[in-house]
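structure.cif follows; it contains mmCIF, C-alpha atoms (C1' of nucleotides).
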```cif
data_my_file
loop_
_atom_site.label_atom_id
_atom_site.label_comp_id
_atom_site.auth_asym_id
_atom_site.auth_seq_id
_atom_site.Cartn_x
_atom_site.Cartn_y
_atom_site.Cartn_z
CA MET A 1342 -23.51 7.75 4.31
CA THR A 1343 -23.79 5.95 1.02
CA PRO A 1344 -23.57 8.45 -1.79
CA SER A 1345 -22.07 5.71 -3.93
CA PRO A 1346 -24.66 3.01 -4.41
CA ARG A 1347 -22.26 0.49 -5.85
CA GLY A 1348 -18.62 0.10 -5.19
CA ASP A 1349 -17.34 2.62 -7.62
CA LEU A 1350 -13.61 2.38 -7.74
CA PHE A 1351 -13.41 5.91 -9.02
CA ASP A 1352 -15.22 7.36 -6.11
CA PRO A 1353 -12.72 8.96 -3.74
CA ASP A 1354 -14.48 7.04 -1.00
CA CYS A 1355 -14.52 3.78 -2.92
CA PRO A 1356 -14.25 0.81 -0.60
CA THR A 1357 -11.55 -0.95 -2.54
CA ARG A 1358 -9.20 1.98 -2.37
CA ARG A 1359 -9.73 2.25 1.32
CA LEU A 1360 -9.30 -1.44 1.87
CA LEU A 1361 -6.05 -1.48 -0.06
CA ASP A 1362 -4.84 1.47 1.94
CA ARG A 1363 -5.23 -0.71 5.00
CA ILE A 1364 -4.03 -4.11 3.93
CA GLY A 1365 -1.34 -2.44 1.86
CA THR A 1366 0.42 -1.17 4.94
CA LYS A 1367 3.56 -3.01 5.60
CA TRP A 1368 2.61 -5.39 8.38
CA THR A 1369 -1.14 -5.73 8.25
CA SER A 1370 -1.44 -8.65 5.89
CA MET A 1371 1.28 -10.50 7.71
CA ALA A 1372 -0.38 -9.99 11.07
CA VAL A 1373 -3.70 -11.17 9.68
CA LYS A 1374 -2.07 -14.29 8.38
CA VAL A 1375 -0.33 -15.09 11.64
CA LEU A 1376 -3.55 -14.57 13.55
CA ALA A 1377 -5.48 -16.63 11.03
CA GLU A 1378 -3.05 -19.52 11.34
CA ALA A 1379 -3.66 -19.57 15.06
CA ALA A 1380 -7.43 -19.18 14.74
CA PRO A 1381 -9.61 -19.80 16.56
CA GLY A 1382 -6.86 -19.61 19.14
CA GLU A 1383 -5.15 -16.49 20.33
CA VAL A 1384 -1.68 -15.12 19.91
CA ARG A 1385 0.23 -13.04 22.39
CA PHE A 1386 2.02 -9.83 21.56
CA ALA A 1387 5.45 -11.35 22.04
CA GLU A 1388 4.62 -14.34 19.90
CA LEU A 1389 3.40 -12.09 17.14
CA ARG A 1390 6.72 -10.32 17.31
CA ARG A 1391 8.58 -13.57 17.00
CA ARG A 1392 6.48 -14.68 14.07
CA MET A 1393 6.92 -11.41 12.25
CA PRO A 1394 10.66 -11.02 11.89
CA GLY A 1395 11.75 -7.45 11.54
CA VAL A 1396 8.68 -5.81 13.02
CA SER A 1397 9.34 -3.20 15.66
CA PRO A 1398 7.20 -2.99 18.80
CA LYS A 1399 5.82 0.29 17.63
CA MET A 1400 4.79 -0.96 14.21
CA LEU A 1401 3.29 -4.12 15.62
CA SER A 1402 1.34 -2.11 18.15
CA THR A 1403 0.13 0.29 15.49
CA THR A 1404 -0.85 -2.56 13.19
CA LEU A 1405 -2.77 -4.34 15.93
CA GLN A 1406 -4.54 -1.18 16.97
CA ASN A 1407 -5.70 -0.68 13.43
CA LEU A 1408 -7.03 -4.22 13.33
CA LEU A 1409 -8.86 -3.64 16.59
CA ARG A 1410 -10.25 -0.34 15.45
CA ASP A 1411 -11.51 -1.90 12.23
CA GLY A 1412 -13.19 -4.77 14.02
CA LEU A 1413 -10.88 -7.30 12.41
CA ALA A 1414 -9.31 -8.49 15.65
CA GLU A 1415 -10.05 -8.58 19.34
CA ARG A 1416 -7.88 -8.14 22.37
CA ARG A 1417 -8.00 -9.96 25.68
CA VAL A 1418 -5.93 -9.03 28.69
CA GLU A 1419 -5.11 -11.31 31.56
CA PRO A 1420 -4.84 -9.03 34.57
CA THR A 1421 -1.75 -10.75 35.87
CA VAL A 1422 1.63 -9.30 36.63
CA PRO A 1423 3.14 -9.06 34.19
CA PRO A 1424 0.07 -8.80 31.98
CA ARG A 1425 -0.57 -11.20 29.18
CA VAL A 1426 -2.30 -9.74 26.16
CA HIS A 1427 -3.85 -11.99 23.55
CA TYR A 1428 -5.12 -11.20 20.10
CA ARG A 1429 -7.37 -13.13 17.79
CA LEU A 1430 -9.24 -12.47 14.59
CA THR A 1431 -12.94 -11.74 14.58
CA GLY A 1432 -15.25 -13.35 12.05
CA LEU A 1433 -14.77 -10.30 9.91
CA GLY A 1434 -11.02 -10.72 10.14
CA LEU A 1435 -11.27 -14.35 9.15
CA SER A 1436 -13.31 -13.47 6.10
CA LEU A 1437 -10.68 -10.94 5.14
CA GLU A 1438 -8.06 -13.61 5.48
CA ALA A 1439 -9.96 -15.66 2.92
CA ALA A 1440 -9.72 -12.79 0.45
CA LEU A 1441 -6.07 -12.28 1.27
CA ALA A 1442 -5.44 -15.96 0.65
CA VAL A 1443 -6.52 -15.43 -2.94
CA VAL A 1444 -4.02 -12.62 -3.28
CA ARG A 1445 -1.33 -14.81 -1.74
CA ASP A 1446 -2.10 -17.61 -4.13
CA TRP A 1447 -1.82 -15.27 -7.04
CA ALA A 1448 1.42 -13.84 -5.73
CA GLU A 1449 3.02 -17.22 -5.16
CA THR A 1450 1.94 -18.38 -8.59
CA HIS A 1451 2.79 -15.33 -10.62
CA MET A 1452 5.34 -13.16 -8.87
CA ALA A 1453 8.13 -15.06 -10.54
CA GLU A 1454 6.72 -13.95 -13.88
CA ILE A 1455 6.62 -10.38 -12.73
CA ASP A 1456 10.16 -10.61 -11.49
CA ARG A 1457 11.27 -12.06 -14.77
CA ALA A 1458 9.57 -9.28 -16.73
CA ALA A 1459 10.92 -6.61 -14.43
CA GLY A 1460 14.36 -8.15 -14.40
CA GLU A 1461 14.70 -8.09 -18.15
CA ARG A 1462 14.47 -4.33 -18.06
CA SER A 1463 16.82 -3.76 -15.20
CA MET B 1161 21.43 -7.92 -2.79
CA THR B 1162 19.57 -10.66 -0.99
CA PRO B 1163 19.16 -14.24 -2.02
CA SER B 1164 15.51 -15.16 -2.44
CA PRO B 1165 14.61 -18.14 -0.32
CA ARG B 1166 11.15 -19.02 -1.43
CA GLY B 1167 7.70 -19.75 -0.22
CA ASP B 1168 7.70 -18.09 3.18
CA LEU B 1169 5.36 -15.21 3.80
CA PHE B 1170 7.57 -13.98 6.56
CA ASP B 1171 10.56 -13.68 4.39
CA PRO B 1172 11.25 -10.03 3.65
CA ASP B 1173 11.26 -11.02 0.00
CA CYS B 1174 8.02 -12.94 0.24
CA PRO B 1175 5.95 -12.62 -2.91
CA THR B 1176 2.79 -11.48 -1.19
CA ARG B 1177 4.53 -8.60 0.46
CA ARG B 1178 6.01 -7.50 -2.79
CA LEU B 1179 2.75 -7.85 -4.64
CA LEU B 1180 0.93 -5.74 -2.09
CA ASP B 1181 3.65 -3.15 -2.34
CA ARG B 1182 2.77 -2.85 -5.98
CA ILE B 1183 -1.00 -3.02 -6.07
CA GLY B 1184 -1.14 -1.02 -2.88
CA THR B 1185 0.23 2.06 -4.55
CA LYS B 1186 -2.36 4.69 -5.00
CA TRP B 1187 -3.29 4.35 -8.66
CA THR B 1188 -2.24 0.88 -9.69
CA SER B 1189 -5.37 -1.04 -8.86
CA MET B 1190 -7.50 1.63 -10.44
CA ALA B 1191 -5.48 1.56 -13.64
CA VAL B 1192 -5.67 -2.21 -13.78
CA LYS B 1193 -9.41 -2.06 -13.42
CA VAL B 1194 -9.85 0.54 -16.14
CA LEU B 1195 -7.66 -1.46 -18.48
CA ALA B 1196 -9.48 -4.65 -17.58
CA GLU B 1197 -12.87 -3.13 -18.33
CA ALA B 1198 -11.64 -2.26 -21.80
CA ALA B 1199 -9.98 -5.64 -22.38
CA PRO B 1200 -9.23 -7.04 -24.79
CA GLY B 1201 -9.35 -3.54 -26.25
CA GLU B 1202 -6.89 -0.79 -25.62
CA VAL B 1203 -7.10 2.50 -23.79
CA ARG B 1204 -5.29 5.66 -24.67
CA PHE B 1205 -3.35 7.74 -22.18
CA ALA B 1206 -5.83 10.61 -22.28
CA GLU B 1207 -8.76 8.29 -21.77
CA LEU B 1208 -7.07 6.71 -18.79
CA ARG B 1209 -6.68 10.18 -17.38
CA ARG B 1210 -10.35 10.91 -17.87
CA ARG B 1211 -11.34 7.64 -16.27
CA MET B 1212 -9.11 8.16 -13.28
CA PRO B 1213 -10.25 11.44 -11.78
CA GLY B 1214 -7.60 13.18 -9.80
CA VAL B 1215 -4.61 11.45 -11.29
CA SER B 1216 -1.80 13.70 -12.41
CA PRO B 1217 0.06 13.06 -15.65
CA LYS B 1218 3.15 12.20 -13.72
CA MET B 1219 1.45 9.67 -11.46
CA LEU B 1220 -0.39 8.08 -14.35
CA SER B 1221 2.82 7.81 -16.31
CA THR B 1222 4.65 6.32 -13.36
CA THR B 1223 1.84 3.85 -12.72
CA LEU B 1224 1.74 2.74 -16.33
CA GLN B 1225 5.49 2.37 -16.49
CA ASN B 1226 5.37 0.10 -13.48
CA LEU B 1227 2.71 -2.02 -15.15
CA LEU B 1228 4.82 -2.23 -18.28
CA ARG B 1229 7.93 -3.08 -16.34
CA ASP B 1230 6.13 -5.84 -14.47
CA GLY B 1231 4.74 -7.36 -17.63
CA LEU B 1232 1.17 -6.58 -16.61
CA ALA B 1233 0.45 -4.23 -19.49
CA GLU B 1234 1.68 -3.50 -22.97
CA ARG B 1235 2.11 -0.29 -24.88
CA ARG B 1236 1.45 0.40 -28.53
CA VAL B 1237 2.32 3.63 -30.26
CA GLU B 1238 0.78 4.88 -33.48
CA PRO B 1239 3.53 6.89 -35.13
CA THR B 1240 1.16 9.65 -36.15
CA VAL B 1241 1.32 13.34 -35.38
CA PRO B 1242 0.24 13.79 -32.73
CA PRO B 1243 1.10 10.33 -31.47
CA ARG B 1244 -1.52 7.99 -30.11
CA VAL B 1245 -0.40 5.67 -27.36
CA HIS B 1246 -2.51 2.71 -26.37
CA TYR B 1247 -2.29 0.48 -23.35
CA ARG B 1248 -3.78 -2.89 -22.67
CA LEU B 1249 -3.40 -5.60 -20.10
CA THR B 1250 -1.37 -8.69 -20.81
CA GLY B 1251 -2.62 -12.12 -19.89
CA LEU B 1252 -0.72 -11.77 -16.66
CA GLY B 1253 -2.43 -8.46 -16.02
CA LEU B 1254 -5.83 -9.98 -16.66
CA SER B 1255 -5.14 -12.76 -14.19
CA LEU B 1256 -4.16 -10.16 -11.62
CA GLU B 1257 -7.42 -8.38 -12.27
CA ALA B 1258 -9.22 -11.59 -11.36
CA ALA B 1259 -7.47 -11.63 -8.01
CA LEU B 1260 -8.17 -7.94 -7.51
CA ALA B 1261 -11.83 -8.58 -8.27
CA VAL B 1262 -11.95 -10.84 -5.23
CA VAL B 1263 -10.53 -8.05 -3.11
CA ARG B 1264 -13.05 -5.65 -4.56
CA ASP B 1265 -15.89 -8.00 -3.80
CA TRP B 1266 -14.74 -8.33 -0.24
CA ALA B 1267 -14.38 -4.59 0.09
CA GLU B 1268 -17.82 -3.85 -1.30
CA THR B 1269 -19.37 -6.45 0.95
CA HIS B 1270 -17.56 -5.73 4.18
CA MET B 1271 -16.13 -2.24 4.22
CA ALA B 1272 -19.33 -0.92 5.73
CA GLU B 1273 -18.73 -3.21 8.68
CA ILE B 1274 -15.22 -1.92 9.05
CA ASP B 1275 -16.43 1.63 8.87
CA ARG B 1276 -19.03 0.94 11.49
CA ALA B 1277 -16.49 -0.64 13.80
CA ALA B 1278 -13.99 2.14 13.23
CA GLY B 1279 -16.64 4.80 13.59
CA GLU B 1280 -17.74 3.58 16.99
CA ARG B 1281 -14.33 4.40 18.34
CA SER B 1282 -13.96 7.82 16.78
"C1'" DC C 125 5.46 -7.71 29.39
"C1'" DG C 126 3.09 -4.73 26.53
"C1'" DG C 127 2.88 -1.00 25.00
"C1'" DA C 128 3.25 4.76 24.50
"C1'" DA C 129 6.03 8.83 23.28
"C1'" DT C 130 9.35 10.91 20.57
"C1'" DC C 131 12.47 11.84 16.84
"C1'" DC C 132 14.10 10.96 12.31
"C1'" DG C 133 14.98 9.73 7.27
"C1'" DG C 134 13.36 8.48 2.86
"C1'" DA C 135 10.02 7.16 -0.32
"C1'" DG C 136 5.64 8.24 -2.31
"C1'" DA C 137 2.45 11.48 -4.00
"C1'" DG C 138 1.08 15.87 -5.97
"C1'" DA C 139 1.47 20.48 -8.56
"C1'" DT C 140 3.38 22.78 -12.12
"C1'" DA C 141 5.83 23.77 -16.24
"C1'" DC C 142 7.96 22.31 -20.23
"C1'" DT C 143 9.00 19.32 -24.63
"C1'" DG C 144 9.03 16.08 -28.97
"C1'" DC D 653 -1.08 14.10 -27.31
"C1'" DA D 654 1.79 11.94 -24.33
"C1'" DG D 655 4.61 12.27 -21.65
"C1'" DT D 656 9.26 14.24 -18.75
"C1'" DA D 657 11.64 17.37 -15.36
"C1'" DT D 658 11.73 19.48 -11.04
"C1'" DC D 659 10.29 20.79 -6.76
"C1'" DT D 660 7.90 20.30 -2.53
"C1'" DC D 661 5.69 18.09 1.17
"C1'" DT D 662 3.56 14.74 3.72
"C1'" DC D 663 3.67 10.70 6.20
"C1'" DC D 664 4.89 5.90 6.72
"C1'" DG D 665 8.03 3.04 8.79
"C1'" DG D 666 12.01 2.35 11.89
"C1'" DA D 667 14.95 3.09 16.07
"C1'" DT D 668 15.07 4.39 20.54
"C1'" DT D 669 13.56 5.37 25.04
"C1'" DC D 670 10.37 5.39 28.83
"C1'" DC D 671 6.09 3.97 31.55
"C1'" DG D 672 2.26 0.95 34.22
#
```
The structure given in the file should be rewritten as C-alpha cells.
Amino acid sequence: MTPSPRGDLFDPDCPTRRLLDRIGTKWTSMAVKVLAEAAPGEVRFAELRRRMPGVSPKMLSTTLQNLLRDGLAERRVEPTVPPRVHYRLTGLGLSLEAALAVVRDWAETHMAEIDRAAGERS
Amino acid sequence: MTPSPRGDLFDPDCPTRRLLDRIGTKWTSMAVKVLAEAAPGEVRFAELRRRMPGVSPKMLSTTLQNLLRDGLAERRVEPTVPPRVHYRLTGLGLSLEAALAVVRDWAETHMAEIDRAAGERS
DNA sequence: CGGAATCCGGAGAGATACTG
DNA sequence: CAGTATCTCTCCGGATTCCG
C-alpha cells in the first residue's frame, strides 16, 4: 500500500510521523543505543535493565517487543534453567542507530541553547 | 529540582531524551518542516493551519509556543486590524531541521521494511 | 530469570466555543 | 485573524504482583 509516492510529512500515514511515534517513546532510543554499543554482541534482559536506570520490567519488555516486532532487534533464548534471553540489533536496527546518532549529536550540541532560551522565559 | 550532570544518555536529564520529548510531540516536527520549507521567509498562523491538515487551533498554538519558548522559532506581529502574525525558524531551528531531515530520510528509506516486519506478525 | 497480567494516575491530544 | 478557555478522553508510563 503506497498511496503516497514520496514521503509526504502531511500524509496521515507519513513515515516520519510513524517513525517518531516509535523512537519518541520513552525507552526506545535508549534501548537502541545500549544494544548498538554492544553490537554485534548481545545483551541480556537483566543487563539491559541495569544499563537503563529507572526502566521497569514491564516497560523494558514492551520496548523490546516493539523492537522485535519492527524487525529492529532479534531475540535468542538459551533453553537453560533459568533461561537466558539475549537481544541484539538487526542490520535495520543498526542503521536506525546511525540516524539516532545524528539526533544525539544535535542534542548534545544544542540542547544547552534550548535550555537557555526556555529558561529565560521561565 | 535536579542537578544536571552532563553527557550521559542514561541520565534522566540527558539531552537526547529531552530533545525527543519535544520533537516527538505530535505536531512539532511537522511545524518545523513547514517553517523550514518557507525559510528564510515567514509563515502566517492561518497558512500553517492549512499546511498542517488536522491540526486544531489549540494544538497549533501550543506547538508554536513551545518552538518560541525553546528559541527554535520567532514571532512577528503586524499591528494591523486584523492582526497578521508571522512565524519563522531561528538559526537554531534551521539546524534542528537539518537533523530532522536525516530522520526523515531514514524513515522514507526504511519504514517500509519496518512495516513489512511488523505486518508479518499481525 | 524473564517476562505477563493488572490496576492506576497524569499528561497529551482533540473538539468546541469564545474573544481582542 | 489569531489565538485563549474549558472540557473530555485516551493512553502512555509506572508500580505491583504473579507465572513458566
Take chain B, lay it over chain A with a least-squares fit on all the Cα atoms in order, then hand it over as a PDB file with C-alpha atoms, keeping the file's coordinate frame.
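Output contents, as saved in selection.pdb:
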```pdb
ATOM      1  CA  MET B1161     -17.490  14.542   4.757  1.00  0.00           C
ATOM      2  CA  THR B1162     -18.579  12.781   1.608  1.00  0.00           C
ATOM      3  CA  PRO B1163     -21.753  10.883   0.998  1.00  0.00           C
ATOM      4  CA  SER B1164     -21.064   7.280   0.059  1.00  0.00           C
ATOM      5  CA  PRO B1165     -22.696   6.396  -3.218  1.00  0.00           C
ATOM      6  CA  ARG B1166     -22.233   2.696  -3.484  1.00  0.00           C
ATOM      7  CA  GLY B1167     -21.047  -0.030  -5.734  1.00  0.00           C
ATOM      8  CA  ASP B1168     -18.741   1.842  -8.078  1.00  0.00           C
ATOM      9  CA  LEU B1169     -15.077   0.985  -8.096  1.00  0.00           C
ATOM     10  CA  PHE B1170     -14.270   4.372  -9.471  1.00  0.00           C
ATOM     11  CA  ASP B1171     -15.873   6.186  -6.664  1.00  0.00           C
ATOM     12  CA  PRO B1172     -13.216   7.647  -4.394  1.00  0.00           C
ATOM     13  CA  ASP B1173     -15.013   5.897  -1.563  1.00  0.00           C
ATOM     14  CA  CYS B1174     -15.195   2.590  -3.373  1.00  0.00           C
ATOM     15  CA  PRO B1175     -14.827  -0.338  -1.006  1.00  0.00           C
ATOM     16  CA  THR B1176     -12.024  -2.019  -2.894  1.00  0.00           C
ATOM     17  CA  ARG B1177      -9.874   1.048  -2.762  1.00  0.00           C
ATOM     18  CA  ARG B1178     -10.407   1.387   0.921  1.00  0.00           C
ATOM     19  CA  LEU B1179      -9.763  -2.266   1.568  1.00  0.00           C
ATOM     20  CA  LEU B1180      -6.494  -2.155  -0.320  1.00  0.00           C
ATOM     21  CA  ASP B1181      -5.510   0.912   1.627  1.00  0.00           C
ATOM     22  CA  ARG B1182      -5.805  -1.191   4.726  1.00  0.00           C
ATOM     23  CA  ILE B1183      -4.331  -4.530   3.760  1.00  0.00           C
ATOM     24  CA  GLY B1184      -1.724  -2.753   1.699  1.00  0.00           C
ATOM     25  CA  THR B1185      -0.095  -1.255   4.741  1.00  0.00           C
ATOM     26  CA  LYS B1186       3.186  -2.830   5.502  1.00  0.00           C
ATOM     27  CA  TRP B1187       2.357  -5.187   8.354  1.00  0.00           C
ATOM     28  CA  THR B1188      -1.358  -5.792   8.167  1.00  0.00           C
ATOM     29  CA  SER B1189      -1.436  -8.771   5.866  1.00  0.00           C
ATOM     30  CA  MET B1190       1.388 -10.383   7.759  1.00  0.00           C
ATOM     31  CA  ALA B1191      -0.376  -9.931  11.076  1.00  0.00           C
ATOM     32  CA  VAL B1192      -3.580 -11.347   9.665  1.00  0.00           C
ATOM     33  CA  LYS B1193      -1.728 -14.380   8.436  1.00  0.00           C
ATOM     34  CA  VAL B1194       0.006 -15.010  11.744  1.00  0.00           C
ATOM     35  CA  LEU B1195      -3.275 -14.683  13.588  1.00  0.00           C
ATOM     36  CA  ALA B1196      -5.002 -16.909  11.064  1.00  0.00           C
ATOM     37  CA  GLU B1197      -2.406 -19.644  11.445  1.00  0.00           C
ATOM     38  CA  ALA B1198      -3.085 -19.681  15.166  1.00  0.00           C
ATOM     39  CA  ALA B1199      -6.872 -19.553  14.776  1.00  0.00           C
ATOM     40  CA  PRO B1200      -9.027 -20.304  16.544  1.00  0.00           C
ATOM     41  CA  GLY B1201      -6.332 -19.874  19.180  1.00  0.00           C
ATOM     42  CA  GLU B1202      -4.870 -16.632  20.346  1.00  0.00           C
ATOM     43  CA  VAL B1203      -1.470 -15.044  19.975  1.00  0.00           C
ATOM     44  CA  ARG B1204       0.240 -12.829  22.466  1.00  0.00           C
ATOM     45  CA  PHE B1205       1.829  -9.511  21.594  1.00  0.00           C
ATOM     46  CA  ALA B1206       5.359 -10.777  22.170  1.00  0.00           C
ATOM     47  CA  GLU B1207       4.767 -13.837  20.046  1.00  0.00           C
ATOM     48  CA  LEU B1208       3.434 -11.703  17.234  1.00  0.00           C
ATOM     49  CA  ARG B1209       6.619  -9.707  17.460  1.00  0.00           C
ATOM     50  CA  ARG B1210       8.723 -12.832  17.227  1.00  0.00           C
ATOM     51  CA  ARG B1211       6.746 -14.091  14.271  1.00  0.00           C
ATOM     52  CA  MET B1212       6.991 -10.821  12.418  1.00  0.00           C
ATOM     53  CA  PRO B1213      10.703 -10.168  12.093  1.00  0.00           C
ATOM     54  CA  GLY B1214      11.558  -6.549  11.721  1.00  0.00           C
ATOM     55  CA  VAL B1215       8.379  -5.111  13.128  1.00  0.00           C
ATOM     56  CA  SER B1216       8.807  -2.418  15.732  1.00  0.00           C
ATOM     57  CA  PRO B1217       6.610  -2.300  18.819  1.00  0.00           C
ATOM     58  CA  LYS B1218       5.018   0.853  17.580  1.00  0.00           C
ATOM     59  CA  MET B1219       4.159  -0.521  14.149  1.00  0.00           C
ATOM     60  CA  LEU B1220       2.846  -3.755  15.593  1.00  0.00           C
ATOM     61  CA  SER B1221       0.710  -1.850  18.048  1.00  0.00           C
ATOM     62  CA  THR B1222      -0.614   0.421  15.335  1.00  0.00           C
ATOM     63  CA  THR B1223      -1.355  -2.532  13.068  1.00  0.00           C
ATOM     64  CA  LEU B1224      -3.197  -4.398  15.787  1.00  0.00           C
ATOM     65  CA  GLN B1225      -5.192  -1.347  16.755  1.00  0.00           C
ATOM     66  CA  ASN B1226      -6.323  -0.981  13.176  1.00  0.00           C
ATOM     67  CA  LEU B1227      -7.422  -4.607  13.122  1.00  0.00           C
ATOM     68  CA  LEU B1228      -9.328  -4.094  16.346  1.00  0.00           C
ATOM     69  CA  ARG B1229     -10.917  -0.916  15.108  1.00  0.00           C
ATOM     70  CA  ASP B1230     -12.032  -2.604  11.904  1.00  0.00           C
ATOM     71  CA  GLY B1231     -13.550  -5.534  13.731  1.00  0.00           C
ATOM     72  CA  LEU B1232     -11.059  -7.960  12.212  1.00  0.00           C
ATOM     73  CA  ALA B1233      -9.459  -8.973  15.491  1.00  0.00           C
ATOM     74  CA  GLU B1234     -10.261  -9.058  19.166  1.00  0.00           C
ATOM     75  CA  ARG B1235      -8.171  -8.424  22.227  1.00  0.00           C
ATOM     76  CA  ARG B1236      -8.228 -10.218  25.545  1.00  0.00           C
ATOM     77  CA  VAL B1237      -6.266  -9.127  28.569  1.00  0.00           C
ATOM     78  CA  GLU B1238      -5.345 -11.331  31.501  1.00  0.00           C
ATOM     79  CA  PRO B1239      -5.235  -8.976  34.462  1.00  0.00           C
ATOM     80  CA  THR B1240      -2.084 -10.545  35.834  1.00  0.00           C
ATOM     81  CA  VAL B1241       1.227  -8.931  36.651  1.00  0.00           C
ATOM     82  CA  PRO B1242       2.768  -8.670  34.212  1.00  0.00           C
ATOM     83  CA  PRO B1243      -0.267  -8.529  31.960  1.00  0.00           C
ATOM     84  CA  ARG B1244      -0.794 -10.992  29.159  1.00  0.00           C
ATOM     85  CA  VAL B1245      -2.575  -9.676  26.111  1.00  0.00           C
ATOM     86  CA  HIS B1246      -3.954 -12.042  23.524  1.00  0.00           C
ATOM     87  CA  TYR B1247      -5.196 -11.366  20.039  1.00  0.00           C
ATOM     88  CA  ARG B1248      -7.278 -13.451  17.725  1.00  0.00           C
ATOM     89  CA  LEU B1249      -9.119 -12.968  14.490  1.00  0.00           C
ATOM     90  CA  THR B1250     -12.852 -12.480  14.424  1.00  0.00           C
ATOM     91  CA  GLY B1251     -15.029 -14.283  11.937  1.00  0.00           C
ATOM     92  CA  LEU B1252     -14.724 -11.256   9.720  1.00  0.00           C
ATOM     93  CA  GLY B1253     -10.959 -11.426  10.017  1.00  0.00           C
ATOM     94  CA  LEU B1254     -10.953 -15.092   9.100  1.00  0.00           C
ATOM     95  CA  SER B1255     -13.016 -14.403   6.005  1.00  0.00           C
ATOM     96  CA  LEU B1256     -10.539 -11.716   5.019  1.00  0.00           C
ATOM     97  CA  GLU B1257      -7.750 -14.217   5.447  1.00  0.00           C
ATOM     98  CA  ALA B1258      -9.500 -16.427   2.913  1.00  0.00           C
ATOM     99  CA  ALA B1259      -9.436 -13.607   0.398  1.00  0.00           C
ATOM    100  CA  LEU B1260      -5.819 -12.840   1.229  1.00  0.00           C
ATOM    101  CA  ALA B1261      -4.972 -16.498   0.697  1.00  0.00           C
ATOM    102  CA  VAL B1262      -6.086 -16.117  -2.905  1.00  0.00           C
ATOM    103  CA  VAL B1263      -3.754 -13.168  -3.306  1.00  0.00           C
ATOM    104  CA  ARG B1264      -0.958 -15.152  -1.735  1.00  0.00           C
ATOM    105  CA  ASP B1265      -1.552 -18.045  -4.069  1.00  0.00           C
ATOM    106  CA  TRP B1266      -1.422 -15.750  -7.039  1.00  0.00           C
ATOM    107  CA  ALA B1267       1.732 -14.122  -5.762  1.00  0.00           C
ATOM    108  CA  GLU B1268       3.512 -17.401  -5.138  1.00  0.00           C
ATOM    109  CA  THR B1269       2.524 -18.672  -8.548  1.00  0.00           C
ATOM    110  CA  HIS B1270       3.187 -15.606 -10.643  1.00  0.00           C
ATOM    111  CA  MET B1271       5.584 -13.250  -8.931  1.00  0.00           C
ATOM    112  CA  ALA B1272       8.506 -14.991 -10.573  1.00  0.00           C
ATOM    113  CA  GLU B1273       7.028 -14.034 -13.920  1.00  0.00           C
ATOM    114  CA  ILE B1274       6.706 -10.453 -12.827  1.00  0.00           C
ATOM    115  CA  ASP B1275      10.249 -10.440 -11.583  1.00  0.00           C
ATOM    116  CA  ARG B1276      11.461 -11.863 -14.840  1.00  0.00           C
ATOM    117  CA  ALA B1277       9.585  -9.262 -16.840  1.00  0.00           C
ATOM    118  CA  ALA B1278      10.747  -6.450 -14.593  1.00  0.00           C
ATOM    119  CA  GLY B1279      14.288  -7.747 -14.550  1.00  0.00           C
ATOM    120  CA  GLU B1280      14.590  -7.737 -18.314  1.00  0.00           C
ATOM    121  CA  ARG B1281      14.159  -4.004 -18.296  1.00  0.00           C
ATOM    122  CA  SER B1282      16.545  -3.216 -15.477  1.00  0.00           C
TER     123      SER B1282
END
```
Residues selected by the PyMOL selection byres ((chain B and resi 1239-1246) around 6), written as a list in words: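 What the PyMOL selection byres ((chain B and resi 1239-1246) around 6) grabs from the file is Glu1202, Val1203, Arg1204, Arg1235, Arg1236, Val1237, Glu1238 and Tyr1247 of chain B; DC653 of chain D.
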Selection result for the PyMOL selection byres ((chain B and resi 1263-1277) around 9) on this file, as a ChimeraX atom specification: /A:1347-1348,1350,1355-1361,1409-1413,1433,1436-1437,1440-1441,1443-1444 /B:1259-1262,1278-1281
For the point (1.3, 1.3, 24.8) in file coordinates, what residues are within 9 Å, counting only C-alpha atoms (C1' of nucleotides)? Give the answer as number ranges by chain? A: 1399, 1402; C: 126-128; D: 671
Residues returned when the PyMOL selection byres ((chain A) within 10 of (chain D)) runs on this file, as number ranges by chain: A: 1366-1367, 1395-1400
Proximity to chain C - best of A:Met1393, A:Ala1387, A:Ala1372, A:Ile1364, only C-alpha atoms (C1' of nucleotides):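 That would be A:Ala1387, the residue with the smallest distance to chain C.
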Output as a ChimeraX atom specification the set of chain C residues within 12 Å of chain B, with distances taken over all atoms listed in the file. /C:135-140,144
So how far away is CA of Leu1249 (chain B) from CA of Gly1201 (chain B), in Å?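 Atom-to-atom, CA of Gly1201 (chain B) to CA of Leu1249 (chain B), that is 8.8 Å.
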Separation of CA of Phe1205 (chain B) and CA of Leu1220 (chain B), in Å?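 Calculated distance between CA of Phe1205 (chain B) and CA of Leu1220 (chain B) is 8.4 Å.
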To one decimal place, how far is CA of Thr1403 (chain A) from CA of Ala1380 (chain A) in Å?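 The value is 20.9 Å.
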Take every atom of region 129-140 of chain C listed in the file, fit an axis-aligned box around them, add 6 Å per side, and give the centre and edge lengths in Å to one decimal as AutoDock Vina command-line options.
```
--center_x 8.0 --center_y 15.0 --center_z 5.6 --size_x 25.9 --size_y 27.6 --size_z 47.4
```
Excluding same-chain residues fewer than 6 positions from Arg1429 (chain A), what lies within 6 Å of it counting all atoms listed in the file, as a PDB file with C-alpha atoms, keeping the file's coordinate frame?
```pdb
ATOM      1  CA  LEU A1376      -3.550 -14.570  13.550  1.00  0.00           C
ATOM      2  CA  GLU A1383      -5.150 -16.490  20.330  1.00  0.00           C
ATOM      3  CA  ALA A1414      -9.310  -8.490  15.650  1.00  0.00           C
ATOM      4  CA  GLU A1415     -10.050  -8.580  19.340  1.00  0.00           C
TER       5      GLU A1415
END
```
